[in-house]
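Take a look at the structure below.
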Amino acid sequence: MAVSGKKVCFITGGSGRLGKEIAVSLAQNGFTLFFTYNRSPEKAEEILDTVRPFAPGSKIARCDVSSVADIEAAFKTFTEHFTRLDLLIPSASNFFSTALPDVTEHEWQSLVDTNLKGTFFTMQAGARIMKSQPFVSRIITMTDISANLVWKNFAPYTASKTAIQHLTKVFAKVFAPQILVNSIAPGTVTINPEWNDKPFDELVQNIPLERIGAPADIMEAILFLAKSSYVTGQVINVDGGRLLN
Ligand SMILES: NC(=O)c1ccc[n+]([C@@H]2O[C@H](COP(=O)([O-])OP(=O)(O)OC[C@H]3O[C@@H](n4cnc5c(N)ncnc54)[C@H](OP(=O)(O)O)[C@@H]3O)[C@@H](O)[C@H]2O)c1
């Protein structure tokens, strides 16, 4: 068993566009990583190679977070390799547009099972380990400022992110004082023309700080929450002021 005295972070979706930046930055900030992928093993291997110089004991595992059996198997693998869990970031997520009148059961399941059910059961499994540790640990959920907006074409996605913000508060209350549970709600950080139906200029016009977010902006908030000892049950919107409009 590779027991490490260093802090350990378990992150799902660690090979996502933002997820990988979070993983690499946490490794650079002293965490050993256990991170999961689903359909992108090559990306996960690449990120593992990147973090090895800073976080040599890091591991990866495949896990479809829409399956509770997969989540349990991933945590079993985790406990075979690590004896502590300091930080859990359920970041795995699906995001695609769904015009409201035509949402299919398959699309609903793909979005809600990955985002909401996956986050819930990952938090539940993580909290089982964390609650019995003799030190304070932390969970940071990844939501979205769209939880506070009304997007016509993303209802299952935004409903799942809104529900995760609620779960964040419930977990914070249930597991205090051993586990601090907070959420980061990014504004737009990465752009995919297929998903963003507005032109770039229009998108930026609605952001008082006049630019989309950078992964470093999200990391500032994550590193703050990863250290803070008197913040729990909060959602931090990292959005350049977008919600002011
Ligand atoms: N990027 C942004 O601008 C932005 C804005 C607001 C909120 N967020 C939130 O920030 C978090 C990170 O975003 P991101 O940019 O890294 O997302 P992303 O690029 O879309 O990546 C999604 C990640 O989730 C994983 N995933 C998808 N379905 C899965 C499943 N069923 N089981 C397990 N893993 C699954 C993917 O793994 P595989 O590729 O291995 O399948 C991938 O690593 C997400 O929660 C997202 O909603 C991001």
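By order of appearance in the structure tokens: chains A, B, ..., then residues from 1 within every chain, and ligands from 1 in the order shown.
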**Prompt:** Residues at most 6 Å from ligand 1, using only C-alpha atoms and all ligand atoms? Could they come as a PyMOL selection string?
**Reply:** chain A and resi 13-19+37-40+63-66+91-94+114+142-144+186-190
Emit the selected residues as a PDB file, in the first residue's frame, including C-alpha atoms.
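Once everything was written out, this is out.pdb:
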ATOM      1  CA  GLY A  13     -13.420  14.189 -14.188  1.00  0.00           C
ATOM      2  CA  GLY A  14      -9.737  14.987 -13.682  1.00  0.00           C
ATOM      3  CA  SER A  15      -9.133  14.917 -17.413  1.00  0.00           C
ATOM      4  CA  GLY A  16     -11.800  17.485 -18.304  1.00  0.00           C
ATOM      5  CA  ARG A  17     -10.828  20.827 -19.820  1.00  0.00           C
ATOM      6  CA  LEU A  18     -11.067  22.579 -16.462  1.00  0.00           C
ATOM      7  CA  GLY A  19     -10.717  19.350 -14.458  1.00  0.00           C
ATOM      8  CA  TYR A  37     -11.725   9.277 -16.095  1.00  0.00           C
ATOM      9  CA  ASN A  38     -14.509   7.617 -18.024  1.00  0.00           C
ATOM     10  CA  ARG A  39     -14.073   7.691 -21.799  1.00  0.00           C
ATOM     11  CA  SER A  40     -10.638   9.326 -22.056  1.00  0.00           C
ATOM     12  CA  CYS A  63     -15.170   5.244 -13.195  1.00  0.00           C
ATOM     13  CA  ASP A  64     -18.500   6.002 -14.822  1.00  0.00           C
ATOM     14  CA  VAL A  65     -19.988   8.190 -12.104  1.00  0.00           C
ATOM     15  CA  SER A  66     -23.527   7.535 -13.324  1.00  0.00           C
ATOM     16  CA  SER A  91     -15.997  17.469 -11.002  1.00  0.00           C
ATOM     17  CA  ALA A  92     -17.187  14.917 -13.604  1.00  0.00           C
ATOM     18  CA  SER A  93     -19.988  16.442 -15.590  1.00  0.00           C
ATOM     19  CA  ASN A  94     -21.873  16.317 -18.853  1.00  0.00           C
ATOM     20  CA  THR A 114     -23.721  11.950 -14.373  1.00  0.00           C
ATOM     21  CA  MET A 142     -18.297  21.977  -9.071  1.00  0.00           C
ATOM     22  CA  THR A 143     -21.503  23.686 -10.090  1.00  0.00           C
ATOM     23  CA  ASP A 144     -22.200  26.563 -12.463  1.00  0.00           C
ATOM     24  CA  PRO A 186     -17.700  29.027 -12.467  1.00  0.00           C
ATOM     25  CA  GLY A 187     -18.966  31.395 -15.095  1.00  0.00           C
ATOM     26  CA  THR A 188     -17.782  30.726 -18.641  1.00  0.00           C
ATOM     27  CA  VAL A 189     -14.212  29.426 -18.659  1.00  0.00           C
ATOM     28  CA  THR A 190     -14.019  27.207 -21.714  1.00  0.00           C
TER      29      THR A 190
END
**Request:** Give me the residues within 10 Å of Lys117 in chain A as a list in words, counting only C-alpha atoms and dropping any in the same chain fewer than 3 places off.
**Result:**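 The residues that qualify are Val65, Ser66, Ser67, Val68, Gln109, Leu111, Val112, Asp113, Thr114, Phe120, Phe121, Thr122, Met123, Ser160, Ala163 and Ile164 of chain A.
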**Message:** Using only C-alpha atoms, which protein or nucleic acid residues come within 8 Å of range 215-222 of chain A? Drop anything in the same chain fewer than 3 positions from it, and give the result as a list in words.
**Reply:** Leu18, Glu21, Ile22, Ser25, Ile140, Ile184, Pro186, Val189, Leu225, Ala226, Ile236 and Val238 of chain A
**Message:** According to DSSP computed on the backbone, where in range 1-242 of chain A is there helix (DSSP H, G or I)? Give the residues as number ranges by chain.
**Reply:** A: 19-28, 41-51, 68-81, 100-102, 105-130, 145-148, 155-175, 200-205, 215-227, 242
Mind dumping the selected residues with C-alpha atoms as a compact mmCIF listing (two decimals), in the first residue's frame?
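File written: selection.txt
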# COMPACT_ATOMS: atom_id res chain seq x y z
CA GLY A 19 -10.72 19.35 -14.46
CA LYS A 20 -7.18 18.75 -15.70
CA GLU A 21 -6.10 22.29 -14.76
CA ILE A 22 -7.48 21.67 -11.27
CA ALA A 23 -5.68 18.33 -11.03
CA VAL A 24 -2.30 19.68 -12.19
CA SER A 25 -2.53 22.76 -9.99
CA LEU A 26 -3.42 20.72 -6.89
CA ALA A 27 -0.44 18.44 -7.57
CA GLN A 28 1.76 21.54 -7.85
CA PRO A 41 -7.94 6.97 -20.71
CA GLU A 42 -5.25 8.52 -22.93
CA LYS A 43 -5.93 12.01 -21.58
CA ALA A 44 -5.85 10.67 -18.02
CA GLU A 45 -2.48 8.92 -18.63
CA GLU A 46 -1.11 12.16 -20.10
CA ILE A 47 -2.17 14.15 -17.04
CA LEU A 48 -0.74 11.47 -14.75
CA ASP A 49 2.61 11.87 -16.55
CA THR A 50 2.38 15.64 -16.07
CA VAL A 51 1.70 15.45 -12.33
CA VAL A 68 -23.01 3.63 -8.12
CA ALA A 69 -21.21 0.28 -8.54
CA ASP A 70 -18.43 2.07 -10.45
CA ILE A 71 -18.15 4.73 -7.75
CA GLU A 72 -17.90 2.07 -5.05
CA ALA A 73 -15.27 0.20 -7.06
CA ALA A 74 -13.24 3.40 -7.51
CA PHE A 75 -13.32 4.10 -3.76
CA LYS A 76 -12.28 0.49 -3.09
CA THR A 77 -9.28 0.98 -5.37
CA PHE A 78 -8.62 4.30 -3.67
CA THR A 79 -8.50 2.74 -0.19
CA GLU A 80 -6.15 0.03 -1.46
CA HIS A 81 -3.63 2.75 -2.30
CA LEU A 100 -37.03 21.90 -23.64
CA PRO A 101 -39.90 20.44 -25.72
CA ASP A 102 -37.64 17.70 -27.10
CA GLU A 105 -35.21 10.30 -21.32
CA HIS A 106 -31.75 9.31 -22.54
CA GLU A 107 -30.54 12.95 -22.48
CA TRP A 108 -32.07 13.49 -19.05
CA GLN A 109 -30.32 10.40 -17.70
CA SER A 110 -27.02 11.30 -19.31
CA LEU A 111 -27.05 14.78 -17.76
CA VAL A 112 -28.75 14.19 -14.43
CA ASP A 113 -27.26 10.77 -13.65
CA THR A 114 -23.72 11.95 -14.37
CA ASN A 115 -23.96 15.37 -12.78
CA LEU A 116 -26.36 14.97 -9.87
CA LYS A 117 -26.50 11.26 -9.02
CA GLY A 118 -22.76 10.93 -9.70
CA THR A 119 -21.91 13.86 -7.45
CA PHE A 120 -24.24 12.68 -4.68
CA PHE A 121 -22.87 9.13 -4.49
CA THR A 122 -19.27 10.31 -4.85
CA MET A 123 -19.81 12.70 -1.92
CA GLN A 124 -21.51 9.98 0.09
CA ALA A 125 -18.64 7.52 -0.46
CA GLY A 126 -16.03 10.20 0.27
CA ALA A 127 -17.80 11.37 3.42
CA ARG A 128 -17.83 7.79 4.78
CA ILE A 129 -14.03 7.86 4.74
CA MET A 130 -13.67 11.47 5.82
CA ILE A 145 -23.53 30.12 -12.28
CA SER A 146 -26.35 28.88 -14.52
CA ALA A 147 -27.88 27.56 -11.28
CA ASN A 148 -28.86 31.24 -10.80
CA ALA A 155 -32.84 22.69 -18.22
CA PRO A 156 -31.60 19.20 -17.17
CA TYR A 157 -28.02 20.54 -16.86
CA THR A 158 -28.96 23.61 -14.81
CA ALA A 159 -31.42 21.62 -12.69
CA SER A 160 -28.62 19.18 -11.84
CA LYS A 161 -26.20 21.98 -10.93
CA THR A 162 -28.84 23.76 -8.82
CA ALA A 163 -29.51 20.52 -6.96
CA ILE A 164 -25.77 20.02 -6.31
CA GLN A 165 -25.67 23.46 -4.69
CA HIS A 166 -28.48 22.33 -2.40
CA LEU A 167 -26.69 19.03 -1.63
CA THR A 168 -23.54 21.01 -0.83
CA LYS A 169 -25.42 22.76 1.99
CA VAL A 170 -27.01 19.56 3.30
CA PHE A 171 -23.67 17.71 3.38
CA ALA A 172 -22.07 20.73 5.06
CA LYS A 173 -24.67 20.65 7.82
CA VAL A 174 -24.72 16.87 8.29
CA PHE A 175 -20.94 16.40 8.37
CA PHE A 200 -18.25 35.76 -28.09
CA ASP A 201 -18.58 39.60 -27.96
CA GLU A 202 -22.11 39.35 -26.61
CA LEU A 203 -20.97 36.83 -24.00
CA VAL A 204 -18.24 39.18 -22.77
CA GLN A 205 -20.55 42.23 -22.81
CA PRO A 215 -8.65 28.22 -15.08
CA ALA A 216 -6.34 30.19 -12.75
CA ASP A 217 -9.37 32.20 -11.55
CA ILE A 218 -11.13 28.98 -10.55
CA MET A 219 -7.97 27.65 -8.92
CA GLU A 220 -7.65 30.71 -6.68
CA ALA A 221 -11.06 29.87 -5.23
CA ILE A 222 -10.34 26.14 -4.96
CA LEU A 223 -7.04 26.72 -3.17
CA PHE A 224 -8.77 29.13 -0.79
CA LEU A 225 -11.46 26.54 0.05
CA ALA A 226 -8.86 23.76 0.29
CA LYS A 227 -7.24 25.66 3.19
CA ARG A 242 -21.75 37.93 -14.58
**Prompt:** At what distance in Å, to one decimal, does CA of Arg138 in chain A lie from CA of Arg62 in chain A?
**Reply:**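 Computing the Euclidean distance for CA of Arg62 in chain A and CA of Arg138 in chain A yields 22.7 Å.
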**Asked** At what distance in Å, to one decimal, does CA of Ser228 in chain A lie from CA of Arg211 in chain A?
**Response**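 Taking CA of Arg211 in chain A and CA of Ser228 in chain A, their separation equals 27.4 Å.
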**Asked** When you draw a straight line from CA of Ile212 in chain A to CA of Pro199 in chain A, how long is it in Å?
**Response** 12.7 Å
**Request:** Please return as number ranges by chain: the residues of range 12-223 of chain A that backbone DSSP assigns to strand (DSSP E or B).
**Result:** A: 12, 32-37, 59-62, 87-90, 98, 137-142, 154, 179-186
**Prompt:** Can you tell me, as a PyMOL selection string, what residues are no more than 9 Å from Phe135 in chain A when counting only C-alpha atoms, ignoring any on the same chain fewer than 5 positions away?
**Reply:** chain A and resi 86+130+178-179
